[in-house]
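For reference, work_32.csv is printed below; it contains CSV, C-alpha atoms.
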chain,number,residue,atom,x,y,z
A,20,MET,CA,0.0,0.0,0.0
A,21,THR,CA,1.4,3.4,-0.9
A,22,ASP,CA,0.4,5.8,1.7
A,23,THR,CA,1.3,9.3,0.8
A,24,LEU,CA,-0.8,10.7,3.5
A,25,ASP,CA,0.7,13.8,4.9
A,26,HIS,CA,0.1,13.4,8.7
A,27,SER,CA,1.5,16.8,9.3
A,28,ALA,CA,-1.5,18.3,7.5
A,29,LEU,CA,-3.8,17.4,10.4
A,30,PRO,CA,-2.8,16.7,14.0
A,31,GLU,CA,-3.5,13.2,15.2
A,32,ASP,CA,-6.1,14.4,17.6
A,33,ASP,CA,-8.0,16.1,14.9
A,34,ILE,CA,-8.1,12.9,12.8
A,35,LEU,CA,-9.3,11.0,15.8
A,36,ALA,CA,-12.0,13.5,16.5
A,37,ALA,CA,-13.1,13.3,12.8
A,38,GLU,CA,-13.1,9.5,12.9
A,39,TYR,CA,-15.3,9.6,15.9
A,40,ALA,CA,-17.7,12.2,14.5
A,41,LEU,CA,-18.0,10.3,11.3
A,42,GLY,CA,-18.7,7.1,13.2
A,43,VAL,CA,-16.0,4.7,11.8
A,44,LEU,CA,-14.5,3.8,15.2
A,45,ALA,CA,-15.5,0.6,17.0
A,46,GLY,CA,-14.9,-1.2,20.3
A,47,GLY,CA,-12.2,0.2,22.6
A,48,ASP,CA,-11.1,2.9,20.2
A,49,ARG,CA,-14.6,4.4,20.2
A,50,VAL,CA,-14.9,4.1,24.0
A,51,ALA,CA,-11.5,5.7,24.5
A,52,VAL,CA,-12.4,8.7,22.4
A,53,GLU,CA,-15.7,9.1,24.2
A,54,GLN,CA,-13.9,9.1,27.6
A,55,ARG,CA,-11.3,11.5,26.4
A,56,ALA,CA,-14.0,13.9,25.1
A,57,ALA,CA,-15.7,13.8,28.5
A,58,ARG,CA,-12.7,15.0,30.4
A,59,ASP,CA,-10.7,17.0,27.8
A,60,ARG,CA,-12.6,20.2,26.8
A,61,GLY,CA,-10.2,21.0,23.9
A,62,PHE,CA,-10.6,17.6,22.4
A,63,ALA,CA,-14.4,17.7,22.8
A,64,ARG,CA,-14.3,20.9,20.9
A,65,LEU,CA,-12.5,19.2,18.0
A,66,VAL,CA,-15.2,16.6,17.9
A,67,SER,CA,-18.0,19.2,17.9
A,68,ASP,CA,-16.2,21.1,15.1
A,69,TRP,CA,-16.3,18.0,13.0
A,70,GLU,CA,-19.9,17.3,13.8
A,71,GLU,CA,-20.7,20.8,12.6
A,72,ARG,CA,-18.7,20.2,9.3
A,73,LEU,CA,-20.6,17.1,8.6
A,74,ALA,CA,-24.0,18.5,9.7
A,75,PRO,CA,-25.4,19.5,6.3
A,76,TRP,CA,-25.6,15.7,5.5
A,77,GLY,CA,-28.2,15.5,8.3
A,78,ALA,CA,-30.6,17.5,6.1
A,79,GLU,CA,-30.7,14.6,3.6
A,80,ILE,CA,-32.2,12.3,6.1
A,81,SER,CA,-36.0,12.2,5.9
A,82,ASP,CA,-38.2,13.0,8.9
A,83,VAL,CA,-40.2,10.0,10.2
A,84,ALA,CA,-42.8,10.7,13.0
A,85,PRO,CA,-42.2,8.4,16.0
A,86,PRO,CA,-45.2,6.7,17.5
A,87,PRO,CA,-46.8,8.6,20.5
A,88,GLN,CA,-45.7,6.0,23.1
A,89,VAL,CA,-42.1,7.1,22.7
A,90,TRP,CA,-42.8,10.4,24.4
A,91,GLU,CA,-44.9,8.6,27.1
A,92,ARG,CA,-41.9,6.4,27.9
A,93,ILE,CA,-39.6,9.4,28.1
A,94,ALA,CA,-42.0,11.3,30.3
A,95,ALA,CA,-42.3,8.3,32.6
A,96,VAL,CA,-38.6,8.2,33.4
A,97,LEU,CA,-38.1,11.9,34.0
A,98,PRO,CA,-38.2,13.1,37.6
A,99,ALA,CA,-41.6,14.5,38.5
A,100,GLN,CA,-41.7,18.2,38.3
A,101,VAL,CA,-43.0,19.5,41.6
A,102,HIS,CA,-42.1,22.4,43.8
A,103,GLY,CA,-40.9,22.1,47.4
A,104,GLY,CA,-42.4,19.2,49.2
A,105,GLY,CA,-44.9,18.2,51.8
A,106,LEU,CA,-48.4,19.3,51.3
A,107,TRP,CA,-47.8,20.9,48.0
A,108,GLN,CA,-47.1,17.5,46.5
A,109,ASN,CA,-49.7,15.6,48.4
A,110,LEU,CA,-52.6,15.0,46.2
A,111,ASN,CA,-54.8,13.6,48.9
A,112,PHE,CA,-54.3,16.9,50.8
A,113,TRP,CA,-55.6,18.8,47.8
A,114,ARG,CA,-58.4,16.4,47.1
A,115,GLY,CA,-59.5,16.4,50.7
A,116,LEU,CA,-59.3,20.1,50.8
A,117,SER,CA,-61.2,20.7,47.6
A,118,PHE,CA,-64.0,18.3,48.6
A,119,ALA,CA,-64.2,19.5,52.2
A,120,ALA,CA,-64.1,23.2,51.6
A,121,GLY,CA,-64.7,23.6,47.9
A,122,ALA,CA,-62.2,24.1,45.2
A,123,LEU,CA,-62.2,27.9,45.6
A,124,ALA,CA,-60.8,27.6,49.1
A,125,ALA,CA,-58.0,25.3,47.8
A,126,ALA,CA,-57.3,27.9,45.1
A,127,CYS,CA,-57.0,30.6,47.7
A,128,LEU,CA,-54.8,28.5,49.8
A,129,ALA,CA,-52.6,27.5,46.9
A,130,ALA,CA,-52.3,31.2,46.0
A,131,LEU,CA,-51.5,32.1,49.6
A,132,ILE,CA,-48.8,29.5,49.8
A,133,TYR,CA,-47.4,30.9,46.6
A,134,LEU,CA,-47.6,34.5,47.9
A,135,GLY,CA,-44.9,33.8,50.4
A,136,THR,CA,-42.4,33.3,47.6
A,137,LEU,CA,-43.7,36.0,45.2
A,138,ALA,CA,-42.6,39.4,44.4
A,139,ARG,CA,-45.7,40.2,42.3
A,140,GLN,CA,-49.4,39.2,42.8
A,141,PRO,CA,-50.3,35.9,41.3
A,142,LEU,CA,-53.2,35.3,39.0
A,143,ILE,CA,-55.4,32.4,39.6
A,144,ALA,CA,-58.0,30.5,37.5
A,145,THR,CA,-60.4,27.8,38.6
A,146,ILE,CA,-60.7,25.6,35.5
A,147,GLU,CA,-64.3,24.3,35.5
A,148,GLY,CA,-66.4,22.3,33.1
A,149,ASP,CA,-69.6,20.3,33.2
A,150,GLY,CA,-70.3,21.5,36.8
A,151,HIS,CA,-67.0,20.3,38.1
A,152,ARG,CA,-63.9,22.2,39.2
A,153,HIS,CA,-61.2,20.2,37.4
A,154,PHE,CA,-58.0,22.1,38.0
A,155,ILE,CA,-56.8,25.2,39.9
A,156,ALA,CA,-54.0,27.1,38.2
A,157,THR,CA,-51.8,29.8,39.7
A,158,ILE,CA,-49.6,31.9,37.5
A,159,ASP,CA,-46.4,33.3,38.9
A,160,ALA,CA,-45.5,36.0,36.4
A,161,SER,CA,-42.2,36.9,38.2
A,162,ARG,CA,-40.9,33.4,37.8
A,163,GLY,CA,-42.7,32.6,34.5
A,164,THR,CA,-44.4,29.6,35.8
A,165,VAL,CA,-48.0,28.2,36.1
A,166,ALA,CA,-48.8,25.7,38.8
A,167,VAL,CA,-51.7,23.5,38.1
A,168,VAL,CA,-53.3,21.5,40.9
A,169,PRO,CA,-55.8,18.8,39.9
A,170,ALA,CA,-59.1,19.0,41.9
A,171,THR,CA,-61.7,16.6,40.6
A,172,PHE,CA,-60.2,15.7,37.3
A,173,SER,CA,-60.5,12.0,36.5
A,174,PRO,CA,-58.0,10.8,33.9
A,175,ASP,CA,-59.1,9.4,30.6
A,176,ALA,CA,-57.5,6.0,29.6
A,177,THR,CA,-56.6,7.1,26.1
A,178,ARG,CA,-56.2,10.9,26.3
A,179,VAL,CA,-54.2,13.4,28.3
A,180,PRO,CA,-55.2,16.8,29.5
A,181,GLU,CA,-53.4,19.7,27.9
A,182,LEU,CA,-53.5,23.3,29.1
A,183,TRP,CA,-54.1,26.2,26.8
A,184,LEU,CA,-53.8,30.0,27.4
A,185,ILE,CA,-56.4,31.9,25.4
A,186,PRO,CA,-55.7,35.7,25.4
A,187,PRO,CA,-58.4,38.2,24.3
A,188,ASP,CA,-57.5,37.5,20.6
A,189,GLY,CA,-59.2,34.1,21.1
A,190,LYS,CA,-56.3,32.1,19.7
A,191,PRO,CA,-55.3,29.2,22.0
A,192,ARG,CA,-51.5,28.9,22.8
A,193,PRO,CA,-50.3,25.5,24.1
A,194,VAL,CA,-48.8,25.6,27.6
A,195,GLY,CA,-48.2,22.0,28.4
A,196,LEU,CA,-49.6,18.7,29.5
A,197,LEU,CA,-51.3,18.3,32.9
A,198,ARG,CA,-51.7,15.3,35.2
A,199,GLY,CA,-54.7,14.1,37.1
A,200,ASP,CA,-52.7,12.7,39.9
A,201,GLN,CA,-50.2,15.4,40.8
A,202,THR,CA,-49.4,19.1,40.7
A,203,VAL,CA,-47.6,20.1,37.6
A,204,ILE,CA,-45.5,23.3,37.3
A,205,LEU,CA,-45.1,24.4,33.7
A,206,SER,CA,-42.9,27.2,32.5
A,207,LEU,CA,-44.4,30.2,30.6
A,208,PRO,CA,-42.0,31.5,28.1
A,209,THR,CA,-41.8,35.2,27.9
A,210,ASP,CA,-44.0,35.4,24.8
A,211,LEU,CA,-46.7,33.5,26.7
A,212,ALA,CA,-46.2,35.2,30.0
A,213,VAL,CA,-47.0,38.7,28.6
A,214,LEU,CA,-50.4,37.3,27.4
A,215,ALA,CA,-51.2,35.8,30.8
A,216,LYS,CA,-53.1,38.8,32.1
A,217,LYS,CA,-56.3,39.3,34.0
A,218,ASP,CA,-59.3,38.1,31.9
A,219,ALA,CA,-57.2,35.8,29.7
A,220,VAL,CA,-58.7,32.3,29.8
A,221,LEU,CA,-57.0,29.0,30.7
A,222,ALA,CA,-58.6,26.0,29.1
A,223,VAL,CA,-58.0,22.2,29.2
A,224,SER,CA,-58.6,19.9,26.2
A,225,LEU,CA,-58.2,16.2,25.9
A,226,GLU,CA,-55.4,15.2,23.5
A,227,PRO,CA,-53.7,12.1,22.3
A,228,PRO,CA,-50.7,11.0,24.5
A,229,GLY,CA,-47.9,13.5,23.9
A,230,GLY,CA,-50.3,16.3,23.3
A,231,SER,CA,-51.7,18.1,20.3
A,232,THR,CA,-49.2,18.1,17.4
A,233,THR,CA,-51.0,20.9,15.5
A,234,GLY,CA,-50.4,23.7,18.0
A,235,LEU,CA,-54.2,23.9,18.5
A,236,PRO,CA,-56.6,21.8,20.5
A,237,THR,CA,-57.6,18.7,18.5
A,238,GLY,CA,-59.8,17.1,21.2
A,239,PRO,CA,-62.8,18.4,23.2
A,240,VAL,CA,-62.2,21.3,25.5
A,241,ILE,CA,-63.6,20.0,28.8
A,242,ALA,CA,-63.0,22.9,31.1
A,243,SER,CA,-61.9,26.6,31.2
A,244,GLY,CA,-61.6,29.5,33.6
A,245,LYS,CA,-60.7,33.1,33.6
A,246,LEU,CA,-57.6,34.4,35.2
A,247,THR,CA,-58.3,36.7,38.1
A,248,SER,CA,-56.1,38.5,40.6
A,249,LEU,CA,-56.5,37.3,44.1
B,25,MET,CA,-35.4,20.8,4.5
B,26,ASP,CA,-33.9,23.5,6.6
B,27,LEU,CA,-32.4,22.0,9.7
B,28,ASP,CA,-32.2,25.3,11.5
B,29,ALA,CA,-35.7,26.6,10.8
B,30,ASN,CA,-36.6,26.4,14.5
B,31,ARG,CA,-33.1,27.1,15.8
B,32,ASN,CA,-34.0,29.8,18.3
B,33,LEU,CA,-37.1,28.0,19.6
B,34,ILE,CA,-35.0,24.8,20.1
B,35,ALA,CA,-32.1,26.6,21.6
B,36,THR,CA,-34.3,28.5,24.1
B,37,ALA,CA,-36.1,25.3,25.2
B,38,LEU,CA,-32.7,23.5,25.6
B,39,GLY,CA,-31.7,26.3,27.8
B,40,ARG,CA,-34.6,25.8,30.1
B,41,ILE,CA,-34.1,22.0,30.6
B,42,PRO,CA,-31.2,22.2,33.2
B,43,SER,CA,-33.6,23.8,35.7
B,44,GLY,CA,-35.8,20.7,35.5
B,45,ASP,CA,-38.4,22.0,33.0
B,46,ARG,CA,-40.2,19.0,31.6
B,47,ALA,CA,-42.3,21.2,29.3
B,48,ALA,CA,-39.1,22.5,27.7
B,49,LEU,CA,-38.0,18.9,26.9
B,50,GLN,CA,-41.4,18.3,25.4
B,51,THR,CA,-41.0,21.4,23.2
B,52,VAL,CA,-37.7,20.1,22.0
B,53,TYR,CA,-39.3,16.7,21.4
B,54,ARG,CA,-42.1,18.2,19.4
B,55,LEU,CA,-39.8,20.2,17.2
B,56,THR,CA,-37.1,17.6,16.6
B,57,SER,CA,-38.3,14.0,17.2
B,58,ALA,CA,-39.3,13.3,13.6
B,59,LYS,CA,-35.8,14.3,12.3
B,60,LEU,CA,-34.0,12.4,15.1
B,61,PHE,CA,-36.3,9.3,14.6
B,62,GLY,CA,-35.4,9.5,10.9
B,63,VAL,CA,-31.7,9.5,11.9
B,64,CYS,CA,-32.0,6.5,14.3
B,65,LEU,CA,-34.1,4.6,11.7
B,66,ARG,CA,-31.6,5.2,9.0
B,67,ILE,CA,-28.7,3.8,11.0
B,68,LEU,CA,-30.6,1.0,12.8
B,69,GLY,CA,-33.0,0.0,10.0
B,70,GLU,CA,-35.5,-1.4,12.4
B,71,ARG,CA,-38.4,0.6,14.1
B,72,GLY,CA,-38.4,-1.1,17.4
B,73,GLU,CA,-34.7,-0.5,18.0
B,74,ALA,CA,-35.0,3.0,16.7
B,75,GLU,CA,-37.8,3.8,19.1
B,76,ASP,CA,-35.7,2.4,22.1
B,77,VAL,CA,-32.8,4.5,21.0
B,78,LEU,CA,-34.9,7.6,20.4
B,79,GLN,CA,-36.1,7.3,24.0
B,80,GLU,CA,-32.4,7.1,25.2
B,81,VAL,CA,-31.6,10.1,23.1
B,82,TYR,CA,-34.1,12.4,24.8
B,83,VAL,CA,-33.2,11.1,28.2
B,84,THR,CA,-29.6,12.0,27.3
B,85,VAL,CA,-30.8,15.4,26.2
B,86,TRP,CA,-32.5,15.9,29.5
B,87,ARG,CA,-29.3,15.0,31.4
B,88,LYS,CA,-26.9,16.8,29.2
B,89,ALA,CA,-28.7,20.0,28.1
B,90,ALA,CA,-26.4,22.1,30.3
B,91,ASP,CA,-23.5,21.0,28.0
B,92,PHE,CA,-25.2,22.6,25.0
B,93,ASN,CA,-23.6,26.0,24.1
B,94,ALA,CA,-26.0,28.0,21.9
B,95,SER,CA,-23.3,30.5,21.1
B,96,ARG,CA,-21.0,27.8,19.6
B,97,ALA,CA,-23.2,25.1,18.2
B,98,SER,CA,-26.4,24.6,16.2
B,99,PRO,CA,-29.0,22.9,18.3
B,100,MET,CA,-29.9,20.5,15.5
B,101,THR,CA,-26.3,19.5,14.9
B,102,TRP,CA,-25.9,18.8,18.7
B,103,LEU,CA,-29.1,16.8,18.8
B,104,ILE,CA,-28.4,14.9,15.5
B,105,SER,CA,-24.9,14.0,16.9
B,106,ILE,CA,-26.5,12.5,20.0
B,107,ALA,CA,-29.0,10.6,17.9
B,108,ARG,CA,-26.2,9.3,15.6
B,109,ASN,CA,-23.9,8.3,18.5
B,110,ARG,CA,-26.6,6.5,20.5
B,111,SER,CA,-27.7,4.7,17.3
B,112,ILE,CA,-24.1,3.7,16.5
B,113,ASP,CA,-23.6,2.5,20.1
B,114,ARG,CA,-26.6,0.3,19.7
B,115,LEU,CA,-25.3,-1.0,16.4
B,116,ARG,CA,-21.9,-1.8,17.8
B,117,ALA,CA,-23.5,-3.5,20.8
B,118,SER,CA,-25.6,-5.8,18.6
B,119,ARG,CA,-23.4,-7.0,15.7
B,120,GLN,CA,-22.4,-5.4,12.5
B,121,SER,CA,-24.0,-2.6,10.5
B,122,ARG,CA,-27.4,-3.2,9.1
B,123,ASN,CA,-26.4,-2.0,5.7
B,124,MET,CA,-23.6,-4.2,4.4
B,125,ASP,CA,-24.5,-4.2,0.7
B,126,PRO,CA,-21.5,-3.9,-1.5
B,127,ILE,CA,-20.8,-0.3,-2.5
B,128,GLU,CA,-20.1,0.2,-6.2
B,129,THR,CA,-18.2,3.4,-6.6
B,130,ALA,CA,-18.7,3.4,-10.3
B,131,THR,CA,-22.4,4.1,-9.8
B,132,ASP,CA,-21.8,6.4,-6.8
B,133,VAL,CA,-24.2,9.4,-7.1
B,134,ALA,CA,-22.9,12.9,-6.6
B,135,ASP,CA,-24.0,14.6,-3.5
B,136,SER,CA,-27.3,16.4,-4.2
B,137,THR,CA,-27.8,19.8,-2.7
B,138,ALA,CA,-30.9,19.6,-0.6
B,139,GLY,CA,-33.7,22.0,0.3
B,140,ALA,CA,-34.4,25.0,-1.9
B,141,ASP,CA,-36.5,26.4,1.0
B,142,ALA,CA,-33.5,26.4,3.4
B,143,ALA,CA,-32.3,29.6,5.0
B,144,ILE,CA,-29.5,31.3,3.1
B,145,GLU,CA,-26.9,30.6,5.6
B,146,THR,CA,-27.8,26.9,5.7
B,147,VAL,CA,-27.7,26.7,2.0
B,148,GLU,CA,-24.3,28.2,1.9
B,149,VAL,CA,-23.0,25.8,4.4
B,150,GLN,CA,-24.6,22.9,2.6
B,151,THR,CA,-23.3,24.0,-0.7
B,152,ARG,CA,-19.8,24.3,0.6
B,153,LEU,CA,-19.9,20.7,2.0
B,154,HIS,CA,-21.3,19.4,-1.2
B,155,ARG,CA,-18.7,21.3,-3.3
B,156,CYS,CA,-15.9,19.9,-1.1
B,157,LEU,CA,-17.3,16.4,-1.3
B,158,GLY,CA,-17.5,16.8,-5.0
B,159,GLY,CA,-13.7,17.4,-5.0
B,160,LEU,CA,-13.1,13.9,-3.4
B,161,ALA,CA,-12.5,10.8,-5.4
B,162,SER,CA,-15.8,8.8,-5.8
B,163,HIS,CA,-14.5,5.9,-3.6
B,164,GLU,CA,-13.6,8.4,-0.8
B,165,ARG,CA,-17.0,10.0,-1.0
B,166,ALA,CA,-18.7,6.7,-1.0
B,167,ALA,CA,-16.8,5.5,2.1
B,168,LEU,CA,-17.6,8.7,4.0
B,169,ARG,CA,-21.3,8.4,3.1
B,170,GLY,CA,-21.3,4.7,4.2
B,171,ALA,CA,-19.9,5.7,7.6
B,172,PHE,CA,-22.2,8.7,8.1
B,173,PHE,CA,-25.5,7.3,6.8
B,174,ASP,CA,-25.2,3.6,7.6
B,175,GLY,CA,-23.1,3.7,10.7
B,176,ASN,CA,-20.3,1.6,9.1
B,177,THR,CA,-17.0,1.0,10.8
B,178,TYR,CA,-13.7,0.9,9.0
B,179,GLU,CA,-14.0,-2.9,9.0
B,180,ASP,CA,-17.5,-2.8,7.5
B,181,LEU,CA,-16.5,-0.4,4.8
B,182,ALA,CA,-13.5,-2.5,3.9
B,183,VAL,CA,-15.8,-5.4,3.4
B,184,ARG,CA,-18.4,-3.5,1.5
B,185,MET,CA,-15.9,-1.9,-0.8
B,186,LYS,CA,-13.7,-5.0,-1.1
B,187,VAL,CA,-10.4,-3.4,-0.1
B,188,PRO,CA,-7.9,-4.2,2.8
B,189,LEU,CA,-8.6,-2.5,6.1
B,190,GLY,CA,-5.4,-0.5,5.9
B,191,THR,CA,-6.4,0.9,2.5
B,192,MET,CA,-9.8,1.9,3.8
B,193,LYS,CA,-8.3,3.7,6.8
B,194,SER,CA,-6.0,5.7,4.5
B,195,TRP,CA,-8.8,6.5,2.1
B,196,ILE,CA,-11.0,7.9,4.9
B,197,ARG,CA,-8.2,9.8,6.7
B,198,ARG,CA,-7.0,11.3,3.4
B,199,ALA,CA,-10.6,12.2,2.5
B,200,LEU,CA,-11.1,13.9,6.0
B,201,ILE,CA,-8.0,15.9,5.5
B,202,LYS,CA,-9.0,17.0,2.1
B,203,LEU,CA,-12.4,17.9,3.3
B,204,LYS,CA,-11.2,20.0,6.2
B,205,VAL,CA,-8.7,21.9,4.0
B,206,CYS,CA,-11.4,22.6,1.4
B,207,LEU,CA,-14.0,23.7,4.0
B,208,GLU,CA,-11.5,26.1,5.5
B,209,GLN,CA,-10.8,27.8,2.2
Written as structure tokens, how would this file's structure read?
Amino acid sequence: MTDTLDHSALPEDDILAAEYALGVLAGGDRVAVEQRAARDRGFARLVSDWEERLAPWGAEISDVAPPPQVWERIAAVLPAQVHGGGLWQNLNFWRGLSFAAGALAAACLAALIYLGTLARQPLIATIEGDGHRHFIATIDASRGTVAVVPATFSPDATRVPELWLIPPDGKPRPVGLLRGDQTVILSLPTDLAVLAKKDAVLAVSLEPPGGSTTGLPTGPVIASGKLTSL
Amino acid sequence: MDLDANRNLIATALGRIPSGDRAALQTVYRLTSAKLFGVCLRILGERGEAEDVLQEVYVTVWRKAADFNASRASPMTWLISIARNRSIDRLRASRQSRNMDPIETATDVADSTAGADAAIETVEVQTRLHRCLGGLASHERAALRGAFFDGNTYEDLAVRMKVPLGTMKSWIRRALIKLKVCLEQ
């Protein structure tokens, strides 16, 4: 074999980074490069530079929609997103409270608990439908979050509840998926947070697992409620 | 298609993940899962395995989002690299590459420039890569494509192209050097 390769043209590390980014390494060689990239920032940068060089090839690969259960499996292994601890996370506490004293009392208490950590006044909405109070939502504009406590919502076997913010223009904006068995804290990106004002509406629709993929509710809207200041 | 159409949305959502924001991961998933599933499926060739790996990919994204540096890297490049690497790991753990069909360089197709709707910057970057690939010998180009799209190792490519392993290594290393020199011009 005549190898006229000029090794001085590219340092050995750069070749190694390129081989890894391209994917031709196997076994111990591949593992060694991965370990090196994990502890050597300069080398990791060589790898990402090569990934960037080859990236335009990625555009040639066709999109294929994965089945909805993939997202469910991912969501199931993520740590539950809940604030603090104790009563806040305890669903039975909320259920008991909402049954005993009415959901409004729970909403007030939720808001009061929240007030302790708030710079600005929160907005709350009791999300009702069909004569039931399904969820109580508290918006913390200063942190850009909305906390949604399930009250009497009973989960549907095939569909998941999704929260929508509907400002006065009437166009629903997706906020995120809710759970019937625990409090969910969703973040409100700045563009949504500015729309979350008094008299905007929060609504819940039932969507396929993983949520609506169209950006608009695709299933029935089962409950809604106006945002009010406490 | 334009890989970077949602660049800002994806980068912003990635930035929110390290604080434990599940909705942000879901946003990333909604915007990118079809592309990443396409990548896993292309390398693994089998839906069940591609679904398993896609799950691993987003769990990796959840854990490693803090490593993503929006000022240096494109979010899609970062995500596609994770998808390719997790798929290649799965491939290596099983056996050999799925696609081991002989590669005939005589019929090797030239790289096509994709996506007329792509953003100007992306088109320029794509055009440059395709121009530089066009400057390689057809066997070099075919070897690089086999590695990128089929997850082939040096050994796999040597078999597919019926050349000794040492020859394959020098083809690819030479091609990589030429590519870098051309891209930096």
Excluding same-chain residues fewer than 3 positions from Pro186 of chain A, what lies within 12 Å of it counting only C-alpha atoms, as a PDB file with C-alpha atoms, in the coordinates of the input?
ATOM      1  CA  TRP A 183     -54.100  26.200  26.800  1.00  0.00           C
ATOM      2  CA  GLY A 189     -59.200  34.100  21.100  1.00  0.00           C
ATOM      3  CA  LYS A 190     -56.300  32.100  19.700  1.00  0.00           C
ATOM      4  CA  PRO A 191     -55.300  29.200  22.000  1.00  0.00           C
ATOM      5  CA  ARG A 192     -51.500  28.900  22.800  1.00  0.00           C
ATOM      6  CA  PRO A 193     -50.300  25.500  24.100  1.00  0.00           C
ATOM      7  CA  ASP A 210     -44.000  35.400  24.800  1.00  0.00           C
ATOM      8  CA  LEU A 211     -46.700  33.500  26.700  1.00  0.00           C
ATOM      9  CA  ALA A 212     -46.200  35.200  30.000  1.00  0.00           C
ATOM     10  CA  VAL A 213     -47.000  38.700  28.600  1.00  0.00           C
ATOM     11  CA  LEU A 214     -50.400  37.300  27.400  1.00  0.00           C
ATOM     12  CA  ALA A 215     -51.200  35.800  30.800  1.00  0.00           C
ATOM     13  CA  LYS A 216     -53.100  38.800  32.100  1.00  0.00           C
ATOM     14  CA  LYS A 217     -56.300  39.300  34.000  1.00  0.00           C
ATOM     15  CA  ASP A 218     -59.300  38.100  31.900  1.00  0.00           C
ATOM     16  CA  ALA A 219     -57.200  35.800  29.700  1.00  0.00           C
ATOM     17  CA  VAL A 220     -58.700  32.300  29.800  1.00  0.00           C
ATOM     18  CA  LEU A 221     -57.000  29.000  30.700  1.00  0.00           C
ATOM     19  CA  ALA A 222     -58.600  26.000  29.100  1.00  0.00           C
ATOM     20  CA  GLY A 244     -61.600  29.500  33.600  1.00  0.00           C
ATOM     21  CA  LYS A 245     -60.700  33.100  33.600  1.00  0.00           C
ATOM     22  CA  LEU A 246     -57.600  34.400  35.200  1.00  0.00           C
TER      23      LEU A 246
END
Determine, for each residue of chain B having at least one atom at most 6 Å from an atom of chain A, the closest pair of atoms and their separation in Å to one decimal, counting all atoms listed in the file; order by chain and ascending number, as a Markdown table.
| residue | atom | partner | partner_atom | distance |
| --- | --- | --- | --- | --- |
| B:Ala58 | CA | A:Ala84 | CA | 4.4 |
| B:Lys59 | CA | A:Asp82 | CA | 4.4 |
| B:Phe61 | CA | A:Val83 | CA | 5.9 |
| B:Gly62 | CA | A:Val83 | CA | 4.9 |
| B:Gln79 | CA | A:Ile93 | CA | 5.8 |
| B:Thr101 | CA | A:Ala74 | CA | 5.8 |
| B:Gln150 | CA | A:Pro75 | CA | 5.1 |
| B:Ala171 | CA | A:Val43 | CA | 5.8 |
| B:Phe172 | CA | A:Leu41 | CA | 5.5 |
| B:Asn176 | CA | A:Val43 | CA | 5.9 |
| B:Thr177 | CA | A:Val43 | CA | 4.0 |
| B:Tyr178 | CA | A:Val43 | CA | 5.3 |
Here atom CA of Asp113 of chain B and atom CA of Pro228 of chain A stand apart by 28.7 Å
Restricting the calculation to only C-alpha atoms, which member of A:Ser243, A:Glu53, A:Ala144, A:Thr209 is positioned closest to Leu33 of chain B? A:Thr209
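Of the listed residues B:Leu181, B:Ala117, B:Leu38, B:Leu200, the one whose atoms come nearest to Val85 of chain B is B:Leu38, with distances taken using only C-alpha atoms.
Counting all atoms listed in the file, the residue from A:Asp188, A:Asp149, A:Asp48, A:Asp200 that sits nearest to Val167 of chain A is A:Asp200.
Atom CA of Leu103 of chain B is positioned 13.9 Å from atom CA of Asn32 of chain B.
Atom CA of Ala156 of chain A sits 5.7 Å away from atom CA of Ile143 of chain A.
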